[in-house]
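Below is model-v9.cif, which holds mmCIF, C-alpha atoms.
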data_model
loop_
_atom_site.group_PDB
_atom_site.id
_atom_site.type_symbol
_atom_site.label_atom_id
_atom_site.label_comp_id
_atom_site.auth_asym_id
_atom_site.auth_seq_id
_atom_site.Cartn_x
_atom_site.Cartn_y
_atom_site.Cartn_z
ATOM 1 C CA MET A 1 16.273 -0.447 17.018
ATOM 2 C CA LYS A 2 14.208 -0.352 13.874
ATOM 3 C CA ARG A 3 12.294 2.737 12.859
ATOM 4 C CA ALA A 4 9.021 0.824 13.250
ATOM 5 C CA ALA A 5 9.741 -0.165 16.815
ATOM 6 C CA ILE A 6 10.746 3.358 17.810
ATOM 7 C CA VAL A 7 7.562 4.921 16.471
ATOM 8 C CA ILE A 8 5.028 2.350 17.626
ATOM 9 C CA LEU A 9 6.553 1.713 21.028
ATOM 10 C CA GLY A 10 6.336 5.435 21.679
ATOM 11 C CA ALA A 11 2.689 5.451 20.697
ATOM 12 C CA VAL A 12 1.953 2.422 22.874
ATOM 13 C CA ALA A 13 3.576 4.193 25.808
ATOM 14 C CA VAL A 14 1.339 7.214 25.309
ATOM 15 C CA LEU A 15 -1.770 5.062 25.030
ATOM 16 C CA GLY A 16 -0.763 3.215 28.169
ATOM 17 C CA MET A 17 -0.209 6.381 30.188
ATOM 18 C CA CYS A 18 -3.736 7.478 29.395
ATOM 19 C CA ALA A 19 -5.432 4.104 29.855
ATOM 20 C CA TRP A 20 -6.413 4.550 33.502
ATOM 21 C CA SER A 21 -7.415 8.192 33.261
ATOM 22 C CA PHE A 22 -9.841 7.410 30.461
ATOM 23 C CA GLY A 23 -11.333 4.622 32.532
ATOM 24 C CA GLN A 24 -12.299 7.226 35.112
ATOM 25 C CA THR A 25 -13.977 9.743 32.826
ATOM 26 C CA ASN A 26 -17.719 10.212 32.780
ATOM 27 C CA THR A 27 -19.224 8.456 29.777
ATOM 28 C CA ASN A 28 -22.793 9.652 30.359
ATOM 29 C CA LYS A 29 -22.826 12.242 27.594
ATOM 30 C CA PRO A 30 -25.999 13.955 26.378
ATOM 31 C CA ALA A 31 -27.669 12.175 23.486
ATOM 32 C CA THR A 32 -27.064 15.174 21.236
ATOM 33 C CA GLN A 33 -23.294 14.806 21.545
ATOM 34 C CA ASN A 34 -20.904 12.516 19.731
ATOM 35 C CA THR A 35 -19.834 9.837 22.211
ATOM 36 C CA GLN A 36 -16.218 9.888 21.017
ATOM 37 C CA THR A 37 -15.524 13.556 20.465
ATOM 38 C CA GLY A 38 -17.950 15.257 22.844
ATOM 39 C CA GLN A 39 -18.970 17.575 20.031
ATOM 40 C CA ALA A 40 -22.509 18.274 18.916
ATOM 41 C CA ALA A 41 -23.965 15.874 16.369
ATOM 42 C CA GLN A 42 -23.562 16.897 12.730
ATOM 43 C CA PRO A 43 -26.690 18.724 11.510
ATOM 44 C CA ALA A 44 -28.473 17.138 8.574
ATOM 45 C CA GLY A 45 -27.379 18.382 5.189
ATOM 46 C CA GLN A 46 -23.836 19.284 6.238
ATOM 47 C CA ALA A 47 -20.729 17.440 5.160
ATOM 48 C CA ALA A 48 -19.592 14.742 7.548
ATOM 49 C CA ALA A 49 -16.475 15.431 9.577
ATOM 50 C CA ALA A 50 -13.287 13.445 9.104
ATOM 51 C CA PRO A 51 -13.157 10.117 10.982
ATOM 52 C CA GLN A 52 -12.406 10.701 14.664
ATOM 53 C CA GLY A 53 -11.200 7.249 15.666
ATOM 54 C CA LYS A 54 -12.502 5.002 18.394
ATOM 55 C CA ARG A 55 -12.628 5.654 22.132
ATOM 56 C CA PRO A 56 -9.252 5.210 23.849
ATOM 57 C CA PRO A 57 -8.729 1.911 25.706
ATOM 58 C CA ALA A 58 -9.409 2.063 29.424
ATOM 59 C CA ALA A 59 -8.848 -0.009 32.533
ATOM 60 C CA LYS A 60 -12.021 -0.775 34.450
ATOM 61 C CA THR A 61 -10.363 -1.037 37.865
ATOM 62 C CA GLN A 62 -7.206 0.115 39.602
ATOM 63 C CA PRO A 63 -5.897 -3.483 40.033
ATOM 64 C CA GLU A 64 -6.337 -4.059 36.299
ATOM 65 C CA PHE A 65 -4.348 -0.924 35.535
ATOM 66 C CA GLU A 66 -1.595 -1.877 37.987
ATOM 67 C CA ALA A 67 -1.361 -5.323 36.367
ATOM 68 C CA TYR A 68 -1.174 -3.669 32.957
ATOM 69 C CA LYS A 69 1.667 -1.393 34.066
ATOM 70 C CA ALA A 70 3.616 -4.326 35.489
ATOM 71 C CA ALA A 71 3.202 -6.326 32.287
ATOM 72 C CA ASN A 72 4.069 -3.367 30.091
ATOM 73 C CA ALA A 73 7.320 -2.791 31.989
ATOM 74 C CA GLN A 74 8.916 -5.935 30.547
ATOM 75 C CA ALA A 75 11.822 -5.254 28.191
ATOM 76 C CA ASP A 76 12.602 -8.760 26.936
ATOM 77 C CA PRO A 77 10.326 -9.886 24.062
ATOM 78 C CA ALA A 78 9.630 -13.344 25.504
ATOM 79 C CA ALA A 79 8.958 -11.888 28.945
ATOM 80 C CA MET A 80 6.680 -9.285 27.380
ATOM 81 C CA GLU A 81 4.744 -12.008 25.555
ATOM 82 C CA LYS A 82 4.335 -14.089 28.719
ATOM 83 C CA ALA A 83 3.237 -11.040 30.687
ATOM 84 C CA ALA A 84 0.677 -10.218 27.992
ATOM 85 C CA ASP A 85 -0.628 -13.795 28.019
ATOM 86 C CA ASP A 86 -0.874 -13.792 31.818
ATOM 87 C CA PHE A 87 -2.672 -10.447 31.799
ATOM 88 C CA ALA A 88 -5.104 -11.616 29.105
ATOM 89 C CA ALA A 89 -5.865 -14.765 31.108
ATOM 90 C CA LYS A 90 -6.535 -12.776 34.276
ATOM 91 C CA TYR A 91 -8.457 -9.982 32.532
ATOM 92 C CA PRO A 92 -10.040 -11.658 29.478
ATOM 93 C CA ASP A 93 -12.333 -8.697 28.787
ATOM 94 C CA SER A 94 -9.756 -5.956 29.305
ATOM 95 C CA GLU A 95 -9.439 -3.290 26.652
ATOM 96 C CA LEU A 96 -5.702 -3.147 27.386
ATOM 97 C CA ARG A 97 -4.878 -6.642 26.097
ATOM 98 C CA ALA A 98 -4.238 -5.431 22.551
ATOM 99 C CA LEU A 99 -1.833 -2.753 23.801
ATOM 100 C CA LEU A 100 0.305 -5.376 25.518
ATOM 101 C CA TYR A 101 0.377 -7.665 22.487
ATOM 102 C CA THR A 102 1.216 -4.686 20.274
ATOM 103 C CA ASN A 103 4.117 -3.917 22.580
ATOM 104 C CA ALA A 104 5.276 -7.544 22.384
ATOM 105 C CA MET A 105 4.908 -7.432 18.600
ATOM 106 C CA GLN A 106 7.223 -4.456 18.352
ATOM 107 C CA HIS A 107 9.746 -5.940 20.774
ATOM 108 C CA TYR A 108 9.978 -8.988 18.520
ATOM 109 C CA GLN A 109 10.282 -6.792 15.444
ATOM 110 C CA ALA A 110 13.138 -4.890 17.054
ATOM 111 C CA ALA A 111 14.782 -8.268 17.684
ATOM 112 C CA ASN A 112 14.297 -9.225 13.994
ATOM 113 C CA ASN A 113 12.087 -12.169 14.930
ATOM 114 C CA ALA A 114 9.516 -12.027 12.127
ATOM 115 C CA ASP A 115 7.732 -15.254 13.074
ATOM 116 C CA LYS A 116 7.059 -14.179 16.645
ATOM 117 C CA MET A 117 6.208 -10.665 15.523
ATOM 118 C CA MET A 118 3.499 -12.091 13.286
ATOM 119 C CA ASP A 119 2.255 -14.347 16.097
ATOM 120 C CA MET A 120 1.768 -11.297 18.317
ATOM 121 C CA ALA A 121 0.126 -9.343 15.506
ATOM 122 C CA LYS A 122 -2.358 -12.167 14.998
ATOM 123 C CA LYS A 123 -3.186 -12.109 18.713
ATOM 124 C CA VAL A 124 -3.917 -8.404 18.412
ATOM 125 C CA LEU A 125 -6.147 -9.045 15.402
ATOM 126 C CA THR A 126 -8.037 -11.706 17.349
ATOM 127 C CA ILE A 127 -8.977 -8.951 19.783
ATOM 128 C CA ASP A 128 -9.350 -6.159 17.222
ATOM 129 C CA PRO A 129 -9.495 -7.297 13.567
ATOM 130 C CA ASP A 130 -9.050 -3.717 12.363
ATOM 131 C CA ASP A 131 -5.987 -2.776 14.411
ATOM 132 C CA PRO A 132 -3.833 -0.944 11.830
ATOM 133 C CA ALA A 133 -0.454 -1.646 13.423
ATOM 134 C CA ALA A 134 -1.174 -5.373 13.605
ATOM 135 C CA LEU A 135 -2.536 -5.441 10.059
ATOM 136 C CA VAL A 136 0.580 -3.800 8.698
ATOM 137 C CA GLY A 137 2.788 -6.032 10.863
ATOM 138 C CA VAL A 138 1.305 -9.185 9.347
ATOM 139 C CA ALA A 139 1.431 -7.664 5.869
ATOM 140 C CA GLN A 140 5.089 -6.744 6.203
ATOM 141 C CA ALA A 141 6.100 -10.178 7.475
ATOM 142 C CA LEU A 142 4.255 -11.897 4.626
ATOM 143 C CA ALA A 143 5.640 -9.554 1.967
ATOM 144 C CA GLU A 144 9.237 -9.943 3.093
ATOM 145 C CA ARG A 145 9.429 -13.645 3.822
ATOM 146 C CA THR A 146 7.293 -15.091 1.009
ATOM 147 C CA GLN A 147 9.518 -16.546 -1.700
ATOM 148 C CA ASP A 148 8.815 -17.287 -5.361
ATOM 149 C CA SER A 149 9.368 -20.978 -4.612
ATOM 150 C CA ASP A 150 6.604 -21.083 -1.980
ATOM 151 C CA LEU A 151 3.600 -23.089 -3.146
ATOM 152 C CA ASP A 152 1.217 -20.642 -1.483
ATOM 153 C CA LYS A 153 3.049 -17.502 -2.597
ATOM 154 C CA ASP A 154 0.051 -16.043 -4.431
ATOM 155 C CA GLN A 155 -2.202 -16.519 -1.414
ATOM 156 C CA GLN A 156 0.379 -15.062 0.979
ATOM 157 C CA ARG A 157 1.025 -12.017 -1.183
ATOM 158 C CA ALA A 158 -2.684 -11.435 -1.688
ATOM 159 C CA GLU A 159 -3.130 -11.506 2.087
ATOM 160 C CA ALA A 160 -0.268 -9.043 2.527
ATOM 161 C CA LYS A 161 -1.832 -6.683 -0.015
ATOM 162 C CA LYS A 162 -5.275 -6.951 1.577
ATOM 163 C CA ASP A 163 -3.957 -6.292 5.086
ATOM 164 C CA ALA A 164 -1.814 -3.346 3.980
ATOM 165 C CA GLU A 165 -4.705 -1.748 2.129
ATOM 166 C CA ARG A 166 -7.031 -2.338 5.078
ATOM 167 C CA SER A 167 -4.599 -0.657 7.464
ATOM 168 C CA LEU A 168 -4.710 2.486 5.320
ATOM 169 C CA VAL A 169 -8.440 2.649 6.048
ATOM 170 C CA THR A 170 -8.450 1.690 9.723
ATOM 171 C CA ILE A 171 -5.642 4.076 10.651
ATOM 172 C CA ASP A 172 -8.344 6.769 10.484
ATOM 173 C CA THR A 173 -11.094 4.785 12.200
ATOM 174 C CA ASP A 174 -9.474 2.402 14.680
ATOM 175 C CA VAL A 175 -6.993 4.662 16.475
ATOM 176 C CA PRO A 176 -8.087 6.914 19.355
ATOM 177 C CA SER A 177 -7.731 10.507 18.228
ATOM 178 C CA THR A 178 -8.464 12.459 21.397
ATOM 179 C CA GLY A 179 -6.605 12.864 24.647
ATOM 180 C CA TYR A 180 -3.122 12.136 23.300
ATOM 181 C CA PRO A 181 -0.319 14.453 22.111
ATOM 182 C CA ALA A 182 -1.034 15.450 18.527
ATOM 183 C CA GLU A 183 2.583 14.975 17.472
ATOM 184 C CA GLN A 184 2.662 11.424 18.845
ATOM 185 C CA LEU A 185 -0.538 10.470 17.052
ATOM 186 C CA ALA A 186 0.663 12.068 13.822
ATOM 187 C CA ALA A 187 3.939 10.131 14.007
ATOM 188 C CA PHE A 188 2.099 6.878 14.680
ATOM 189 C CA LYS A 189 -0.323 7.376 11.803
ATOM 190 C CA GLY A 190 2.510 8.438 9.522
ATOM 191 C CA PHE A 191 4.421 5.307 10.427
ATOM 192 C CA VAL A 192 1.497 2.981 9.695
ATOM 193 C CA ARG A 193 0.826 4.650 6.353
ATOM 194 C CA SER A 194 4.520 4.527 5.513
ATOM 195 C CA GLU A 195 4.755 0.828 6.317
ATOM 196 C CA ALA A 196 1.541 0.007 4.451
ATOM 197 C CA TYR A 197 2.771 1.711 1.295
ATOM 198 C CA PHE A 198 6.153 0.054 1.815
ATOM 199 C CA VAL A 199 4.448 -3.351 1.758
ATOM 200 C CA LEU A 200 2.533 -2.473 -1.404
ATOM 201 C CA GLY A 201 5.719 -1.150 -2.979
ATOM 202 C CA THR A 202 7.638 -4.256 -1.970
ATOM 203 C CA LEU A 203 5.033 -6.550 -3.514
ATOM 204 C CA SER A 204 5.260 -4.621 -6.788
ATOM 205 C CA PHE A 205 9.063 -4.514 -6.536
ATOM 206 C CA LYS A 206 9.277 -8.289 -6.200
ATOM 207 C CA ALA A 207 6.897 -8.678 -9.144
ATOM 208 C CA SER A 208 9.114 -6.351 -11.240
ATOM 209 C CA ASN A 209 6.187 -3.964 -11.606
ATOM 210 C CA TRP A 210 8.483 -0.973 -11.472
ATOM 211 C CA ALA A 211 5.969 1.828 -12.028
ATOM 212 C CA ASP A 212 3.696 0.641 -9.217
ATOM 213 C CA ALA A 213 6.703 0.005 -6.992
ATOM 214 C CA GLU A 214 7.898 3.550 -7.615
ATOM 215 C CA ALA A 215 4.490 5.072 -6.826
ATOM 216 C CA ASN A 216 4.006 3.186 -3.564
ATOM 217 C CA LEU A 217 7.579 3.560 -2.348
ATOM 218 C CA ARG A 218 7.339 7.314 -2.907
ATOM 219 C CA LYS A 219 4.164 7.348 -0.809
ATOM 220 C CA SER A 220 5.947 5.331 1.862
ATOM 221 C CA ILE A 221 8.782 7.834 2.096
ATOM 222 C CA ASP A 222 6.462 10.848 1.929
ATOM 223 C CA ALA A 223 4.264 9.496 4.743
ATOM 224 C CA LEU A 224 7.117 9.748 7.261
ATOM 225 C CA PRO A 225 9.753 12.033 5.724
ATOM 226 C CA GLN A 226 11.444 12.711 9.054
ATOM 227 C CA GLN A 227 12.399 9.029 9.338
ATOM 228 C CA PRO A 228 12.902 7.587 5.847
ATOM 229 C CA ASP A 229 13.276 3.826 5.734
ATOM 230 C CA THR A 230 16.595 2.856 4.165
ATOM 231 C CA VAL A 231 15.198 -0.194 2.368
ATOM 232 C CA ALA A 232 12.324 1.840 0.921
ATOM 233 C CA VAL A 233 14.762 4.457 -0.360
ATOM 234 C CA PHE A 234 17.041 1.801 -1.850
ATOM 235 C CA ARG A 235 14.185 -0.025 -3.553
ATOM 236 C CA LEU A 236 12.894 3.241 -4.968
ATOM 237 C CA ALA A 237 16.337 3.849 -6.476
ATOM 238 C CA VAL A 238 16.225 0.425 -8.127
ATOM 239 C CA ALA A 239 12.649 0.895 -9.374
ATOM 240 C CA LEU A 240 13.691 4.166 -11.003
ATOM 241 C CA ASP A 241 16.842 2.554 -12.396
ATOM 242 C CA MET A 242 14.785 -0.212 -14.006
ATOM 243 C CA GLN A 243 12.713 2.466 -15.757
ATOM 244 C CA ASN A 244 15.864 4.185 -17.058
ATOM 245 C CA LYS A 245 15.284 7.184 -14.790
ATOM 246 C CA TYR A 246 18.951 7.310 -13.932
ATOM 247 C CA PRO A 247 19.436 10.831 -12.499
ATOM 248 C CA GLU A 248 16.599 10.417 -10.001
ATOM 249 C CA ALA A 249 17.679 6.860 -9.260
ATOM 250 C CA MET A 250 21.120 8.205 -8.359
ATOM 251 C CA LYS A 251 19.526 10.730 -5.999
ATOM 252 C CA TYR A 252 17.858 7.967 -3.989
ATOM 253 C CA ALA A 253 20.870 5.656 -4.209
ATOM 254 C CA ASP A 254 22.947 8.443 -2.664
ATOM 255 C CA GLN A 255 20.330 8.857 0.060
ATOM 256 C CA ALA A 256 20.312 5.119 0.790
ATOM 257 C CA VAL A 257 24.104 5.150 1.063
ATOM 258 C CA GLU A 258 23.931 8.089 3.458
ATOM 259 C CA LEU A 259 21.207 6.472 5.573
ATOM 260 C CA SER A 260 23.256 3.275 5.888
ATOM 261 C CA LYS A 261 26.616 4.927 6.518
ATOM 262 C CA ASP A 262 26.720 3.639 10.094
ATOM 263 C CA ARG A 263 26.151 0.057 8.889
ATOM 264 C CA PRO A 264 27.865 -0.161 5.478
ATOM 265 C CA ASP A 265 28.301 -3.930 5.724
ATOM 266 C CA SER A 266 24.605 -4.625 6.278
ATOM 267 C CA GLY A 267 22.556 -6.117 3.471
ATOM 268 C CA VAL A 268 20.944 -2.833 2.510
ATOM 269 C CA GLY A 269 24.212 -0.949 3.026
ATOM 270 C CA LYS A 270 26.075 -3.137 0.556
ATOM 271 C CA ALA A 271 23.165 -3.166 -1.890
ATOM 272 C CA ALA A 272 22.901 0.631 -1.812
ATOM 273 C CA ARG A 273 26.602 1.007 -2.573
ATOM 274 C CA ASP A 274 26.409 -1.545 -5.369
ATOM 275 C CA GLU A 275 23.452 0.311 -6.860
ATOM 276 C CA LYS A 276 25.290 3.615 -6.668
ATOM 277 C CA ASP A 277 28.330 2.059 -8.367
ATOM 278 C CA ARG A 278 26.110 0.661 -11.117
ATOM 279 C CA LEU A 279 24.447 4.019 -11.718
ATOM 280 C CA THR A 280 27.808 5.776 -11.717
ATOM 281 C CA LYS A 281 29.025 3.456 -14.466
ATOM 282 C CA LEU A 282 25.811 3.925 -16.414
ATOM 283 C CA SER A 283 26.086 7.685 -16.233
ATOM 284 C CA GLY A 284 29.639 7.404 -17.547
ATOM 285 C CA GLY A 285 28.496 5.235 -20.426
ATOM 286 C CA SER A 286 30.662 2.289 -19.405
ATOM 287 C CA ALA A 287 27.920 -0.158 -18.386
ATOM 288 C CA PRO A 288 26.342 -2.312 -21.100
ATOM 289 C CA GLY A 289 22.547 -2.261 -21.166
ATOM 290 C CA GLN A 290 20.230 -2.783 -18.242
ATOM 291 C CA ALA A 291 21.252 -5.340 -15.674
ATOM 292 C CA ALA A 292 19.026 -7.431 -13.459
ATOM 293 C CA PRO A 293 17.762 -5.509 -10.424
ATOM 294 C CA PRO A 294 19.844 -5.794 -7.246
ATOM 295 C CA LYS A 295 18.383 -8.117 -4.638
ATOM 296 C CA ASN A 296 17.327 -6.697 -1.300
#

Spell out the structure here as structure tokens.
Amino acid sequence: MKRAAIVILGAVAVLGMCAWSFGQTNTNKPATQNTQTGQAAQPAGQAAAAPQGKRPPAAKTQPEFEAYKAANAQADPAAMEKAADDFAAKYPDSELRALLYTNAMQHYQAANNADKMMDMAKKVLTIDPDDPAALVGVAQALAERTQDSDLDKDQQRAEAKKDAERSLVTIDTDVPSTGYPAEQLAAFKGFVRSEAYFVLGTLSFKASNWADAEANLRKSIDALPQQPDTVAVFRLAVALDMQNKYPEAMKYADQAVELSKDRPDSGVGKAARDEKDRLTKLSGGSAPGQAAPPKN
């Protein structure tokens, strides 16, 4: 399973576990309190607090929550999508619809079905245009599948950039920040930031803008250091290589090789080993000049 699916599916599970309990809490808070945090309103003249995120999604009735749980239990991507559609048709105003489509989105991503993943992400964005996971899902699909030969490549890449940048904003405003395990929320936010910077780095990488690619790919890796993405690490090695930063490029090429050791024949596994071989030759002075960047 991909890193993205592991992180987001875990977060969706946590959100789902809390959905009914939040539907039962008393929302009649005093006017002097913040309706999301329950804390006193910020006195005038003091610095504003960091964004607290929106209220967690909640089921309005027990039958709605039971239907949500049944739909969310599906393991097959197509079955998950159908269950989400059926739930949305039965409960068109439910706050839990986006959770189910997010789950379906990640099931399709784990199955390497980019087209269906983007379909699910767009359904989420129809419900919540600022959902950060859906924004970054669409951005990633557009960045990876858009080719130089596509007539609308500029439009597609601009959309990917816009969505990735927007997700970096809404990750602090559109995700519930109370009532859930802090570690789970931190991992989820780290993942979204990592993927958003990965998209921005990929767009620069494909445009041969090596300095920008390096900066954004570093941010991608730093945002979720406990689970570095192999492709991000490999592309960072290449971006450094293309700037003649060979020692550091070798460091990341070695890391990409290590991260792909259990799948050496995969696309990124082979590319990482080819890049390491190239850098080894360069460091020995046996490679002529700077070659074209490896493709991956």

- Message: the PyMOL selection byres ((chain A and resi 189) around 10) - which residues does that actually catch in the file I just gave you? List them as a PyMOL selection string.
- Response: chain A and resi 7-8+11+132-133+168+171-172+175+183-188+190-195+223-224

Carefully work through the PyMOL selection byres ((chain A and resi 154-161) around 9) for this structure and note down the residues it includes, as a PDB file with C-alpha atoms, in the coordinates of the input.
ATOM      1  CA  LEU A 135      -2.536  -5.441  10.059  1.00  0.00           C
ATOM      2  CA  VAL A 136       0.580  -3.800   8.698  1.00  0.00           C
ATOM      3  CA  VAL A 138       1.305  -9.185   9.347  1.00  0.00           C
ATOM      4  CA  ALA A 139       1.431  -7.664   5.869  1.00  0.00           C
ATOM      5  CA  GLN A 140       5.089  -6.744   6.203  1.00  0.00           C
ATOM      6  CA  ALA A 141       6.100 -10.178   7.475  1.00  0.00           C
ATOM      7  CA  LEU A 142       4.255 -11.897   4.626  1.00  0.00           C
ATOM      8  CA  ALA A 143       5.640  -9.554   1.967  1.00  0.00           C
ATOM      9  CA  THR A 146       7.293 -15.091   1.009  1.00  0.00           C
ATOM     10  CA  ASP A 148       8.815 -17.287  -5.361  1.00  0.00           C
ATOM     11  CA  ASP A 150       6.604 -21.083  -1.980  1.00  0.00           C
ATOM     12  CA  LEU A 151       3.600 -23.089  -3.146  1.00  0.00           C
ATOM     13  CA  ASP A 152       1.217 -20.642  -1.483  1.00  0.00           C
ATOM     14  CA  LYS A 153       3.049 -17.502  -2.597  1.00  0.00           C
ATOM     15  CA  LYS A 162      -5.275  -6.951   1.577  1.00  0.00           C
ATOM     16  CA  ASP A 163      -3.957  -6.292   5.086  1.00  0.00           C
ATOM     17  CA  ALA A 164      -1.814  -3.346   3.980  1.00  0.00           C
ATOM     18  CA  GLU A 165      -4.705  -1.748   2.129  1.00  0.00           C
ATOM     19  CA  ARG A 166      -7.031  -2.338   5.078  1.00  0.00           C
ATOM     20  CA  ALA A 196       1.541   0.007   4.451  1.00  0.00           C
ATOM     21  CA  VAL A 199       4.448  -3.351   1.758  1.00  0.00           C
ATOM     22  CA  LEU A 200       2.533  -2.473  -1.404  1.00  0.00           C
ATOM     23  CA  LEU A 203       5.033  -6.550  -3.514  1.00  0.00           C
TER      24      LEU A 203
END

- Message: Selection in question (the file shown): the PyMOL selection byres ((chain A and resi 230-232) around 7). Which residues does it include, as a ChimeraX atom specification?
- Response: /A:198,217,228-229,233-236,256,259-260,268

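Atom to atom, atom CA of Thr61 of chain A and atom CA of Ala78 of chain A stand 26.5 Å apart.
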
- What does the distance between atom CA of Pro63 of chain A and atom CA of Ala83 of chain A come to in Å, to one decimal place?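 A separation of 15.1 Å between them.
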
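Computed from the coordinates, the atom CA of Thr202 of chain A to atom CA of Glu214 of chain A distance equals 9.6 Å.
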
Taking the point (6.5, -10.6, 22.9) as given in the file, collect each protein or nucleic acid residue that comes within 6 Å of it, counting all atoms listed in the file, and present the set as a CSV table (one decimal) with C-alpha atoms, in the coordinates of the input.
chain,number,residue,atom,x,y,z
A,77,PRO,CA,10.3,-9.9,24.1
A,78,ALA,CA,9.6,-13.3,25.5
A,80,MET,CA,6.7,-9.3,27.4
A,81,GLU,CA,4.7,-12.0,25.6
A,104,ALA,CA,5.3,-7.5,22.4
A,105,MET,CA,4.9,-7.4,18.6
A,108,TYR,CA,10.0,-9.0,18.5

- Message: Counting only C-alpha atoms, which residue out of A:Thr102, A:Asp254, A:Phe87, A:Arg55 sits closest to Asp174 of chain A?
- Response: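 Of the candidates, the smallest distance to Asp174 of chain A is held by A:Arg55.
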